[in-house]
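Enquirer: Dropping in run-v1.cif, with mmCIF, C-alpha atoms.
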data_structure
loop_
_atom_site.group_PDB
_atom_site.id
_atom_site.type_symbol
_atom_site.label_atom_id
_atom_site.label_comp_id
_atom_site.auth_asym_id
_atom_site.auth_seq_id
_atom_site.Cartn_x
_atom_site.Cartn_y
_atom_site.Cartn_z
ATOM 1 C CA MET A 76 21.395 191.816 -28.471
ATOM 2 C CA SER A 77 22.108 188.645 -26.485
ATOM 3 C CA GLY A 78 20.594 186.474 -23.766
ATOM 4 C CA PHE A 79 18.584 183.294 -24.195
ATOM 5 C CA VAL A 80 18.156 181.910 -27.693
ATOM 6 C CA GLU A 81 15.032 180.276 -26.294
ATOM 7 C CA LYS A 82 14.253 180.909 -22.627
ATOM 8 C CA PRO A 83 12.999 177.759 -20.897
ATOM 9 C CA GLU A 84 9.819 177.681 -18.855
ATOM 10 C CA PRO A 85 10.503 176.817 -15.201
ATOM 11 C CA PHE A 86 9.289 173.449 -13.964
ATOM 12 C CA GLN A 87 6.474 173.831 -11.469
ATOM 13 C CA VAL A 88 6.918 171.817 -8.253
ATOM 14 C CA PRO A 89 4.366 171.897 -5.416
ATOM 15 C CA GLY A 90 5.821 173.698 -2.405
ATOM 16 C CA LEU A 91 8.513 175.480 -4.425
ATOM 17 C CA VAL A 92 8.386 179.055 -5.671
ATOM 18 C CA HIS A 93 10.424 179.774 -8.793
ATOM 19 C CA LEU A 94 12.693 182.792 -8.203
ATOM 20 C CA HIS A 95 15.067 183.023 -11.143
ATOM 21 C CA THR A 96 16.225 181.381 -14.354
ATOM 22 C CA GLY A 97 19.959 181.921 -14.850
ATOM 23 C CA LYS A 98 22.351 180.956 -17.602
ATOM 24 C CA VAL A 99 22.702 177.477 -16.140
ATOM 25 C CA ARG A 100 20.820 177.303 -12.826
ATOM 26 C CA ASP A 101 17.163 177.578 -11.925
ATOM 27 C CA LEU A 102 16.554 178.946 -8.452
ATOM 28 C CA TYR A 103 13.553 178.101 -6.264
ATOM 29 C CA GLN A 104 12.559 178.672 -2.638
ATOM 30 C CA ASN A 105 10.962 176.003 -0.486
ATOM 31 C CA GLU A 106 8.399 176.497 2.268
ATOM 32 C CA ALA A 107 11.148 176.628 4.907
ATOM 33 C CA GLY A 108 12.748 179.576 3.126
ATOM 34 C CA ASP A 109 15.736 177.571 1.876
ATOM 35 C CA LEU A 110 16.986 177.963 -1.692
ATOM 36 C CA VAL A 111 16.773 175.067 -4.137
ATOM 37 C CA MET A 112 19.355 175.308 -6.925
ATOM 38 C CA VAL A 113 18.946 173.105 -9.990
ATOM 39 C CA ALA A 114 21.841 172.995 -12.470
ATOM 40 C CA SER A 115 20.583 172.497 -16.010
ATOM 41 C CA ASP A 116 22.524 171.253 -19.031
ATOM 42 C CA ARG A 117 22.381 174.711 -20.628
ATOM 43 C CA ILE A 118 25.573 176.224 -21.950
ATOM 44 C CA SER A 119 26.419 179.829 -22.767
ATOM 45 C CA ALA A 120 28.940 181.427 -25.091
ATOM 46 C CA PHE A 121 29.530 185.022 -26.118
ATOM 47 C CA ASP A 122 26.749 186.139 -23.743
ATOM 48 C CA TRP A 123 24.188 183.872 -25.402
ATOM 49 C CA VAL A 124 22.546 180.914 -23.670
ATOM 50 C CA LEU A 125 22.480 178.427 -26.516
ATOM 51 C CA GLN A 126 19.601 176.358 -27.764
ATOM 52 C CA THR A 127 21.623 173.120 -27.611
ATOM 53 C CA GLU A 128 22.259 171.523 -24.229
ATOM 54 C CA ILE A 129 25.287 169.455 -23.166
ATOM 55 C CA PRO A 130 24.109 166.125 -21.683
ATOM 56 C CA ASP A 131 25.180 165.572 -18.042
ATOM 57 C CA LYS A 132 26.695 169.052 -17.733
ATOM 58 C CA GLY A 133 24.479 170.099 -14.812
ATOM 59 C CA ARG A 134 25.256 166.931 -12.891
ATOM 60 C CA VAL A 135 28.990 167.316 -13.504
ATOM 61 C CA LEU A 136 28.912 170.895 -12.217
ATOM 62 C CA THR A 137 26.907 169.924 -9.138
ATOM 63 C CA GLN A 138 28.938 166.850 -8.231
ATOM 64 C CA LEU A 139 32.243 168.635 -8.788
ATOM 65 C CA SER A 140 31.097 171.552 -6.619
ATOM 66 C CA LEU A 141 30.157 169.119 -3.848
ATOM 67 C CA TRP A 142 33.586 167.482 -4.074
ATOM 68 C CA TRP A 143 35.302 170.857 -3.804
ATOM 69 C CA PHE A 144 33.100 171.948 -0.900
ATOM 70 C CA ASP A 145 34.365 168.865 0.949
ATOM 71 C CA GLN A 146 37.996 169.697 0.162
ATOM 72 C CA LEU A 147 37.533 173.243 1.434
ATOM 73 C CA ALA A 148 35.302 172.568 4.450
ATOM 74 C CA ASP A 149 37.948 173.471 7.030
ATOM 75 C CA LEU A 150 38.790 176.683 5.183
ATOM 76 C CA ALA A 151 35.414 178.059 4.115
ATOM 77 C CA PRO A 152 31.934 177.029 5.303
ATOM 78 C CA ASN A 153 29.492 176.572 2.426
ATOM 79 C CA HIS A 154 25.786 176.985 1.803
ATOM 80 C CA VAL A 155 24.786 173.356 1.137
ATOM 81 C CA LEU A 156 22.094 171.917 3.421
ATOM 82 C CA SER A 157 21.036 168.813 1.486
ATOM 83 C CA THR A 158 21.204 167.022 -1.841
ATOM 84 C CA GLU A 159 17.820 165.324 -1.387
ATOM 85 C CA LEU A 160 15.204 165.972 -4.028
ATOM 86 C CA PRO A 161 12.254 168.078 -2.877
ATOM 87 C CA PRO A 162 8.959 166.130 -2.813
ATOM 88 C CA GLY A 163 7.343 166.188 -6.237
ATOM 89 C CA ALA A 164 10.502 167.184 -8.076
ATOM 90 C CA PRO A 165 11.115 165.497 -11.440
ATOM 91 C CA ALA A 166 13.458 162.497 -11.463
ATOM 92 C CA ASP A 167 15.767 164.391 -13.834
ATOM 93 C CA TRP A 168 16.680 166.747 -10.971
ATOM 94 C CA ALA A 169 18.574 163.932 -9.242
ATOM 95 C CA GLY A 170 22.289 164.671 -8.981
ATOM 96 C CA ARG A 171 21.887 168.276 -10.097
ATOM 97 C CA THR A 172 19.962 169.749 -7.146
ATOM 98 C CA LEU A 173 21.223 171.444 -3.985
ATOM 99 C CA VAL A 174 19.123 172.681 -1.090
ATOM 100 C CA CYS A 175 21.018 175.673 0.265
ATOM 101 C CA LYS A 176 20.980 178.306 2.970
ATOM 102 C CA SER A 177 19.412 181.597 2.040
ATOM 103 C CA LEU A 178 22.229 184.125 2.458
ATOM 104 C CA ARG A 179 22.783 187.844 2.198
ATOM 105 C CA MET A 180 24.759 187.648 -1.032
ATOM 106 C CA MET A 181 27.591 190.006 -1.887
ATOM 107 C CA PRO A 182 27.120 192.013 -5.110
ATOM 108 C CA VAL A 183 30.537 191.130 -6.577
ATOM 109 C CA GLU A 184 32.155 188.206 -8.334
ATOM 110 C CA CYS A 185 35.240 187.355 -6.269
ATOM 111 C CA VAL A 186 37.842 186.484 -8.892
ATOM 112 C CA ALA A 187 41.291 185.079 -8.134
ATOM 113 C CA ARG A 188 43.976 184.896 -10.816
ATOM 114 C CA GLY A 189 47.204 182.965 -10.620
ATOM 115 C CA TYR A 190 47.961 183.187 -14.344
ATOM 116 C CA LEU A 191 47.508 185.910 -16.934
ATOM 117 C CA THR A 192 44.876 185.407 -19.635
ATOM 118 C CA GLY A 193 41.434 186.562 -20.744
ATOM 119 C CA SER A 194 40.292 190.046 -19.747
ATOM 120 C CA GLY A 195 43.275 190.322 -17.403
ATOM 121 C CA LEU A 196 45.649 189.899 -20.341
ATOM 122 C CA THR A 197 43.774 192.545 -22.336
ATOM 123 C CA GLU A 198 44.130 195.093 -19.528
ATOM 124 C CA TYR A 199 47.759 194.111 -18.902
ATOM 125 C CA ASN A 200 48.660 194.689 -22.549
ATOM 126 C CA GLU A 201 47.179 198.175 -22.325
ATOM 127 C CA SER A 202 48.454 199.354 -18.956
ATOM 128 C CA ARG A 203 50.568 196.640 -17.263
ATOM 129 C CA THR A 204 47.825 196.349 -14.651
ATOM 130 C CA VAL A 205 44.891 194.029 -13.856
ATOM 131 C CA CYS A 206 41.996 195.660 -11.991
ATOM 132 C CA GLY A 207 44.398 198.482 -11.221
ATOM 133 C CA LEU A 208 47.048 196.171 -9.723
ATOM 134 C CA ALA A 209 50.499 196.770 -11.208
ATOM 135 C CA LEU A 210 52.234 193.719 -12.670
ATOM 136 C CA PRO A 211 55.825 193.282 -13.882
ATOM 137 C CA GLU A 212 56.937 193.708 -17.480
ATOM 138 C CA GLY A 213 57.439 190.745 -19.748
ATOM 139 C CA LEU A 214 54.324 188.704 -19.012
ATOM 140 C CA THR A 215 52.412 187.060 -21.830
ATOM 141 C CA ASP A 216 49.312 184.936 -22.398
ATOM 142 C CA GLY A 217 49.485 182.061 -19.897
ATOM 143 C CA SER A 218 52.266 183.497 -17.721
ATOM 144 C CA GLU A 219 52.193 182.574 -14.040
ATOM 145 C CA LEU A 220 51.855 185.658 -11.861
ATOM 146 C CA PRO A 221 54.376 186.365 -9.079
ATOM 147 C CA ALA A 222 51.535 185.718 -6.603
ATOM 148 C CA PRO A 223 47.775 185.194 -6.930
ATOM 149 C CA ILE A 224 45.755 188.416 -7.156
ATOM 150 C CA PHE A 225 42.187 189.362 -6.240
ATOM 151 C CA THR A 226 40.469 190.924 -9.260
ATOM 152 C CA PRO A 227 36.769 191.403 -8.519
ATOM 153 C CA ALA A 228 34.034 191.935 -11.090
ATOM 154 C CA THR A 229 30.465 193.083 -11.197
ATOM 155 C CA LYS A 230 27.658 190.530 -11.388
ATOM 156 C CA ALA A 231 26.047 190.860 -14.804
ATOM 157 C CA ALA A 232 22.516 189.963 -15.846
ATOM 158 C CA VAL A 233 21.950 187.176 -18.382
ATOM 159 C CA GLY A 234 23.177 188.387 -21.767
ATOM 160 C CA GLU A 235 25.585 190.963 -20.344
ATOM 161 C CA HIS A 236 29.306 190.962 -19.530
ATOM 162 C CA ASP A 237 30.765 190.906 -16.051
ATOM 163 C CA GLU A 238 33.024 193.952 -15.766
ATOM 164 C CA ASN A 239 36.269 194.055 -13.808
ATOM 165 C CA VAL A 240 36.336 196.613 -11.003
ATOM 166 C CA SER A 241 39.004 197.826 -8.618
ATOM 167 C CA TYR A 242 39.368 196.696 -5.026
ATOM 168 C CA GLU A 243 38.611 200.277 -4.010
ATOM 169 C CA GLU A 244 35.269 200.069 -5.803
ATOM 170 C CA VAL A 245 34.404 196.877 -3.905
ATOM 171 C CA ALA A 246 35.308 198.589 -0.632
ATOM 172 C CA ARG A 247 33.051 201.484 -1.584
ATOM 173 C CA GLN A 248 30.156 199.117 -2.293
ATOM 174 C CA VAL A 249 30.394 196.747 0.675
ATOM 175 C CA GLY A 250 32.652 198.535 3.167
ATOM 176 C CA ALA A 251 36.385 198.259 3.829
ATOM 177 C CA GLU A 252 36.129 195.471 6.406
ATOM 178 C CA THR A 253 33.920 193.266 4.236
ATOM 179 C CA ALA A 254 36.079 193.900 1.146
ATOM 180 C CA ALA A 255 39.173 192.813 3.060
ATOM 181 C CA GLN A 256 37.379 189.670 4.241
ATOM 182 C CA LEU A 257 36.276 188.824 0.701
ATOM 183 C CA ARG A 258 39.807 189.282 -0.645
ATOM 184 C CA GLN A 259 41.368 187.153 2.090
ATOM 185 C CA ALA A 260 38.838 184.343 1.674
ATOM 186 C CA THR A 261 39.077 184.394 -2.118
ATOM 187 C CA LEU A 262 42.860 184.110 -2.174
ATOM 188 C CA ALA A 263 42.922 181.469 0.569
ATOM 189 C CA VAL A 264 40.392 179.247 -1.220
ATOM 190 C CA TYR A 265 42.090 179.747 -4.579
ATOM 191 C CA SER A 266 45.508 178.843 -3.159
ATOM 192 C CA ARG A 267 44.183 175.635 -1.588
ATOM 193 C CA ALA A 268 42.379 174.637 -4.788
ATOM 194 C CA ARG A 269 45.389 175.509 -6.969
ATOM 195 C CA ASP A 270 47.587 173.150 -4.959
ATOM 196 C CA ILE A 271 45.015 170.345 -5.051
ATOM 197 C CA ALA A 272 44.566 170.721 -8.819
ATOM 198 C CA ARG A 273 48.333 170.875 -9.395
ATOM 199 C CA ASP A 274 48.750 167.525 -7.626
ATOM 200 C CA ARG A 275 46.339 166.107 -10.220
ATOM 201 C CA GLY A 276 48.191 167.537 -13.220
ATOM 202 C CA ILE A 277 45.862 170.507 -13.713
ATOM 203 C CA ILE A 278 46.631 174.228 -13.567
ATOM 204 C CA LEU A 279 43.922 176.372 -12.011
ATOM 205 C CA ALA A 280 44.595 179.572 -13.931
ATOM 206 C CA ASP A 281 41.776 181.612 -12.442
ATOM 207 C CA THR A 282 38.359 181.189 -10.877
ATOM 208 C CA LYS A 283 35.451 183.150 -9.489
ATOM 209 C CA PHE A 284 33.604 182.643 -6.228
ATOM 210 C CA GLU A 285 30.400 183.983 -4.779
ATOM 211 C CA PHE A 286 30.082 184.676 -1.081
ATOM 212 C CA GLY A 287 27.204 185.567 1.183
ATOM 213 C CA TYR A 288 26.688 186.197 4.867
ATOM 214 C CA GLU A 289 24.718 184.205 7.396
ATOM 215 C CA GLY A 290 24.693 186.680 10.261
ATOM 216 C CA ASP A 291 28.352 187.639 10.643
ATOM 217 C CA ALA A 292 29.669 184.424 9.067
ATOM 218 C CA LEU A 293 31.069 184.537 5.524
ATOM 219 C CA ILE A 294 29.769 181.573 3.499
ATOM 220 C CA LEU A 295 30.972 180.160 0.176
ATOM 221 C CA ALA A 296 27.976 179.837 -2.152
ATOM 222 C CA ASP A 297 26.745 178.929 -5.636
ATOM 223 C CA GLU A 298 28.988 176.651 -7.699
ATOM 224 C CA VAL A 299 32.665 176.381 -6.918
ATOM 225 C CA LEU A 300 35.736 175.489 -8.999
ATOM 226 C CA THR A 301 33.925 174.021 -11.993
ATOM 227 C CA PRO A 302 34.830 174.374 -15.684
ATOM 228 C CA ASP A 303 32.050 176.998 -15.908
ATOM 229 C CA SER A 304 33.554 179.218 -13.201
ATOM 230 C CA SER A 305 37.270 178.445 -13.659
ATOM 231 C CA ARG A 306 39.992 178.047 -16.232
ATOM 232 C CA PHE A 307 41.580 174.612 -15.899
ATOM 233 C CA TRP A 308 44.604 173.831 -18.077
ATOM 234 C CA PRO A 309 46.456 170.506 -18.471
ATOM 235 C CA ALA A 310 49.772 171.098 -16.716
ATOM 236 C CA ASP A 311 51.769 168.974 -19.132
ATOM 237 C CA GLU A 312 50.682 171.185 -22.057
ATOM 238 C CA TRP A 313 51.204 174.561 -20.381
ATOM 239 C CA GLU A 314 53.305 176.836 -22.554
ATOM 240 C CA PRO A 315 53.077 180.612 -22.006
ATOM 241 C CA GLY A 316 52.936 182.789 -25.094
ATOM 242 C CA HIS A 317 49.597 181.699 -26.531
ATOM 243 C CA ALA A 318 46.137 180.510 -25.525
ATOM 244 C CA GLN A 319 46.237 177.280 -23.515
ATOM 245 C CA PRO A 320 44.136 174.154 -24.082
ATOM 246 C CA SER A 321 41.444 174.035 -21.430
ATOM 247 C CA PHE A 322 38.781 171.899 -19.792
ATOM 248 C CA ASP A 323 35.732 173.979 -20.633
ATOM 249 C CA LYS A 324 33.471 175.098 -23.472
ATOM 250 C CA GLN A 325 36.285 176.068 -25.844
ATOM 251 C CA PHE A 326 34.963 173.614 -28.442
ATOM 252 C CA VAL A 327 31.721 175.592 -28.461
ATOM 253 C CA ARG A 328 33.445 178.963 -28.820
ATOM 254 C CA ASP A 329 35.747 177.676 -31.554
ATOM 255 C CA TRP A 330 32.888 176.209 -33.582
ATOM 256 C CA LEU A 331 30.682 179.289 -33.253
ATOM 257 C CA THR A 332 33.487 181.506 -34.592
ATOM 258 C CA SER A 333 34.383 179.072 -37.411
ATOM 259 C CA PRO A 334 33.138 179.281 -40.998
ATOM 260 C CA GLU A 335 31.312 175.974 -40.431
ATOM 261 C CA SER A 336 28.800 177.580 -38.076
ATOM 262 C CA GLY A 337 27.922 180.402 -40.464
ATOM 263 C CA TRP A 338 27.296 182.658 -37.470
ATOM 264 C CA VAL A 339 28.524 186.242 -37.438
ATOM 265 C CA ARG A 340 28.975 187.362 -33.852
ATOM 266 C CA ALA A 341 28.528 191.046 -34.692
ATOM 267 C CA SER A 342 25.202 190.393 -36.431
ATOM 268 C CA GLU A 343 23.235 190.313 -33.155
ATOM 269 C CA LEU A 344 21.434 187.235 -34.497
ATOM 270 C CA PRO A 345 21.265 184.247 -32.130
ATOM 271 C CA PRO A 346 23.827 181.477 -32.606
ATOM 272 C CA PRO A 347 22.759 178.312 -34.444
ATOM 273 C CA PRO A 348 22.269 174.912 -32.762
ATOM 274 C CA LEU A 349 25.470 172.989 -32.056
ATOM 275 C CA PRO A 350 26.320 169.942 -34.165
ATOM 276 C CA GLN A 351 26.580 166.572 -32.446
ATOM 277 C CA HIS A 352 30.380 166.386 -32.652
ATOM 278 C CA VAL A 353 30.755 169.699 -30.767
ATOM 279 C CA THR A 354 28.203 168.630 -28.152
ATOM 280 C CA ASP A 355 29.978 165.294 -27.648
ATOM 281 C CA ALA A 356 33.457 166.848 -27.432
ATOM 282 C CA THR A 357 32.289 169.452 -24.911
ATOM 283 C CA ARG A 358 30.575 166.838 -22.742
ATOM 284 C CA ALA A 359 33.768 164.765 -22.793
ATOM 285 C CA LYS A 360 35.860 167.749 -21.615
ATOM 286 C CA TYR A 361 33.579 168.433 -18.646
ATOM 287 C CA ILE A 362 33.671 164.778 -17.644
ATOM 288 C CA GLU A 363 37.457 164.607 -18.068
ATOM 289 C CA ALA A 364 37.845 167.593 -15.723
ATOM 290 C CA TYR A 365 35.641 165.881 -13.134
ATOM 291 C CA GLU A 366 37.511 162.578 -13.363
ATOM 292 C CA ARG A 367 41.013 164.082 -13.283
ATOM 293 C CA LEU A 368 40.236 166.283 -10.304
ATOM 294 C CA THR A 369 38.250 163.842 -8.178
ATOM 295 C CA GLY A 370 39.928 160.583 -9.238
ATOM 296 C CA VAL A 371 36.438 159.088 -9.614
ATOM 297 C CA SER A 372 35.075 157.637 -12.864
ATOM 298 C CA TRP A 373 31.953 159.306 -14.217
ATOM 299 C CA VAL A 374 29.099 156.838 -14.646
#
Translate the structure described by the file into structure tokens.
Expert:
Amino acid sequence: MSGFVEKPEPFQVPGLVHLHTGKVRDLYQNEAGDLVMVASDRISAFDWVLQTEIPDKGRVLTQLSLWWFDQLADLAPNHVLSTELPPGAPADWAGRTLVCKSLRMMPVECVARGYLTGSGLTEYNESRTVCGLALPEGLTDGSELPAPIFTPATKAAVGEHDENVSYEEVARQVGAETAAQLRQATLAVYSRARDIARDRGIILADTKFEFGYEGDALILADEVLTPDSSRFWPADEWEPGHAQPSFDKQFVRDWLTSPESGWVRASELPPPPLPQHVTDATRAKYIEAYERLTGVSWV
């Protein structure tokens, strides 16, 4: 069993219809038919959405996504219409809310990998492939790949795992022409972001994008290139052969699997609340990622 330790009740705002409560984002629709995305401070680990929140996390994700959308504007149009709060919205939504185009979303997570780790490493160790793509011998955890690869995944419900799928499966689901467009856009956006991050001393190991269509136009949607959707590693500490330090929720994962937490992952019991030191360290990592990438101090 997994999912929400305690599922939050959606905030009711006049003129907005609540559509969905995700791991991090709450999704509404306004009277014009636009989507209103609100990034909460919720954090998930091991397919659980935890009871403890990370202060400022939703604002960091939103502001970092906006910064990346600007960097990528000439390469990939995005879904953002406005950052203004809807009338009647709570003040706490400021800085964490996006009014977005309603798109025909694609049913796949568009994952790009430039380095080998995570589920890709697991598959590589078994078959020397990732999502069916053959890779050379001799790679290890953290190795840079000869070239970035497109390794799509299914979109999982809250409490379930995304599952890697082959490119052929994506083509079967969405059609060969659309699959080719998704692969091209994913690798182009990843390559641009990788170079930008590298100039700031950060390795973008892998990331996932979501795309939708507005008519015939492919649009970059949801969050983009945040510590929730990407693996960012400090370049000066990169050393293939073991897990890399990262700008994400690793403090949370490490504590939950430590004797201090007392939680047994296989028990199917929900994880316990996070202690203050883990919450503070995780918040600091998210903010450090924002500051190093954007060059702007978080206030």
Enquirer: What does the PyMOL selection byres ((chain A and resi 265) around 9) select in this file, as an MDAnalysis selection string?
Expert: chainID A and resid 187:189 223 260:264 266:270 279 281:283 300
Enquirer: Could you tell me which residues the PyMOL selection byres ((chain A and resi 148-152) around 9) returns for this structure, as number ranges by chain?
Expert: A: 143-147, 153-154, 260, 263-264, 267, 292-296
Enquirer: Find the residues near A:Asp303: any atom within 9 Å, counting all atoms listed in the file, skip ones fewer than 6 places away on the same chain, and give them as a short mmCIF file (atom, residue, chain, number, x, y, z; two decimals) with C-alpha atoms, in the coordinates of the input.
Expert:
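Output saved as selection.cif:
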data_model
loop_
_atom_site.label_atom_id
_atom_site.label_comp_id
_atom_site.auth_asym_id
_atom_site.auth_seq_id
_atom_site.Cartn_x
_atom_site.Cartn_y
_atom_site.Cartn_z
CA ILE A 118 25.57 176.22 -21.95
CA LEU A 136 28.91 170.90 -12.22
CA ASP A 323 35.73 173.98 -20.63
CA LYS A 324 33.47 175.10 -23.47
#
Enquirer: Go through A:Pro221, A:Pro302, A:Gly276, A:Gly193 one by one, measure the shortest atom-to-atom distance of each to A:Asn239 using only C-alpha atoms, and give the residue with the smallest value.
Expert: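 Of A:Pro221, A:Pro302, A:Gly276, A:Gly193, the one nearest A:Asn239 is A:Gly193, counting only C-alpha atoms.
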Enquirer: From the options A:Val186, A:Cys206, A:Met112, A:Ala310, which residue's atoms come nearest to A:Gln259, counting all atoms listed in the file?
Expert: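 Among the listed residues, A:Val186 lies closest to A:Gln259.
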Enquirer: Got a sec to resolve the PyMOL selection byres ((chain A and resi 328) around 12) on this structure and send the residues as a list of chain:residue names?
Expert: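 On this input, the PyMOL selection byres ((chain A and resi 328) around 12) captures A:Ile118, A:Ser119, A:Ala120, A:Phe121, A:Asp122, A:Trp123, A:Leu125, A:Ser321, A:Asp323, A:Lys324, A:Gln325, A:Phe326, A:Val327, A:Asp329, A:Trp330, A:Leu331, A:Thr332, A:Ser333, A:Ser336, A:Trp338, A:Arg340, A:Pro346, A:Leu349, A:Val353, A:Thr354, A:Thr357.
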Enquirer: So, with all atoms listed in the file as the atoms that count, which of A:Val183, A:Ala280, A:Gly217, A:Thr172 lies closest to A:Ser241?
Expert: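 Closest residue, counting all atoms listed in the file: A:Val183.
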Enquirer: Env of A:Lys98: 12 Å cut, atoms = all atoms listed in the file, seq-sep filter 3 positions within chain, self excluded. Answer as an mmCIF file with C-alpha atoms, in the frame of the given file.
Expert:
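The resulting selection39.cif:
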data_model
loop_
_atom_site.group_PDB
_atom_site.id
_atom_site.type_symbol
_atom_site.label_atom_id
_atom_site.label_comp_id
_atom_site.auth_asym_id
_atom_site.auth_seq_id
_atom_site.Cartn_x
_atom_site.Cartn_y
_atom_site.Cartn_z
ATOM 1 C CA SER A 77 22.108 188.645 -26.485
ATOM 2 C CA GLY A 78 20.594 186.474 -23.766
ATOM 3 C CA PHE A 79 18.584 183.294 -24.195
ATOM 4 C CA VAL A 80 18.156 181.910 -27.693
ATOM 5 C CA GLU A 81 15.032 180.276 -26.294
ATOM 6 C CA LYS A 82 14.253 180.909 -22.627
ATOM 7 C CA PRO A 83 12.999 177.759 -20.897
ATOM 8 C CA HIS A 95 15.067 183.023 -11.143
ATOM 9 C CA ASP A 101 17.163 177.578 -11.925
ATOM 10 C CA LEU A 102 16.554 178.946 -8.452
ATOM 11 C CA VAL A 113 18.946 173.105 -9.990
ATOM 12 C CA ALA A 114 21.841 172.995 -12.470
ATOM 13 C CA SER A 115 20.583 172.497 -16.010
ATOM 14 C CA ASP A 116 22.524 171.253 -19.031
ATOM 15 C CA ARG A 117 22.381 174.711 -20.628
ATOM 16 C CA ILE A 118 25.573 176.224 -21.950
ATOM 17 C CA SER A 119 26.419 179.829 -22.767
ATOM 18 C CA ALA A 120 28.940 181.427 -25.091
ATOM 19 C CA PHE A 121 29.530 185.022 -26.118
ATOM 20 C CA ASP A 122 26.749 186.139 -23.743
ATOM 21 C CA TRP A 123 24.188 183.872 -25.402
ATOM 22 C CA VAL A 124 22.546 180.914 -23.670
ATOM 23 C CA LEU A 125 22.480 178.427 -26.516
ATOM 24 C CA GLN A 126 19.601 176.358 -27.764
ATOM 25 C CA GLU A 128 22.259 171.523 -24.229
ATOM 26 C CA GLY A 133 24.479 170.099 -14.812
ATOM 27 C CA ALA A 231 26.047 190.860 -14.804
ATOM 28 C CA ALA A 232 22.516 189.963 -15.846
ATOM 29 C CA VAL A 233 21.950 187.176 -18.382
ATOM 30 C CA GLY A 234 23.177 188.387 -21.767
ATOM 31 C CA GLU A 235 25.585 190.963 -20.344
ATOM 32 C CA ASP A 303 32.050 176.998 -15.908
#
Enquirer: Mind pulling up the distance from atom CA of A:Leu368 to atom CA of A:Lys132?
Expert: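 Those two atoms sit 15.7 Å apart.
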Enquirer: As an exercise, work out the distance from atom CA of A:Glu184 to atom CA of A:Gly213 in Å and give it to one decimal place.
Expert: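 Value for the atom CA of A:Glu184-atom CA of A:Gly213 distance: 27.9 Å.
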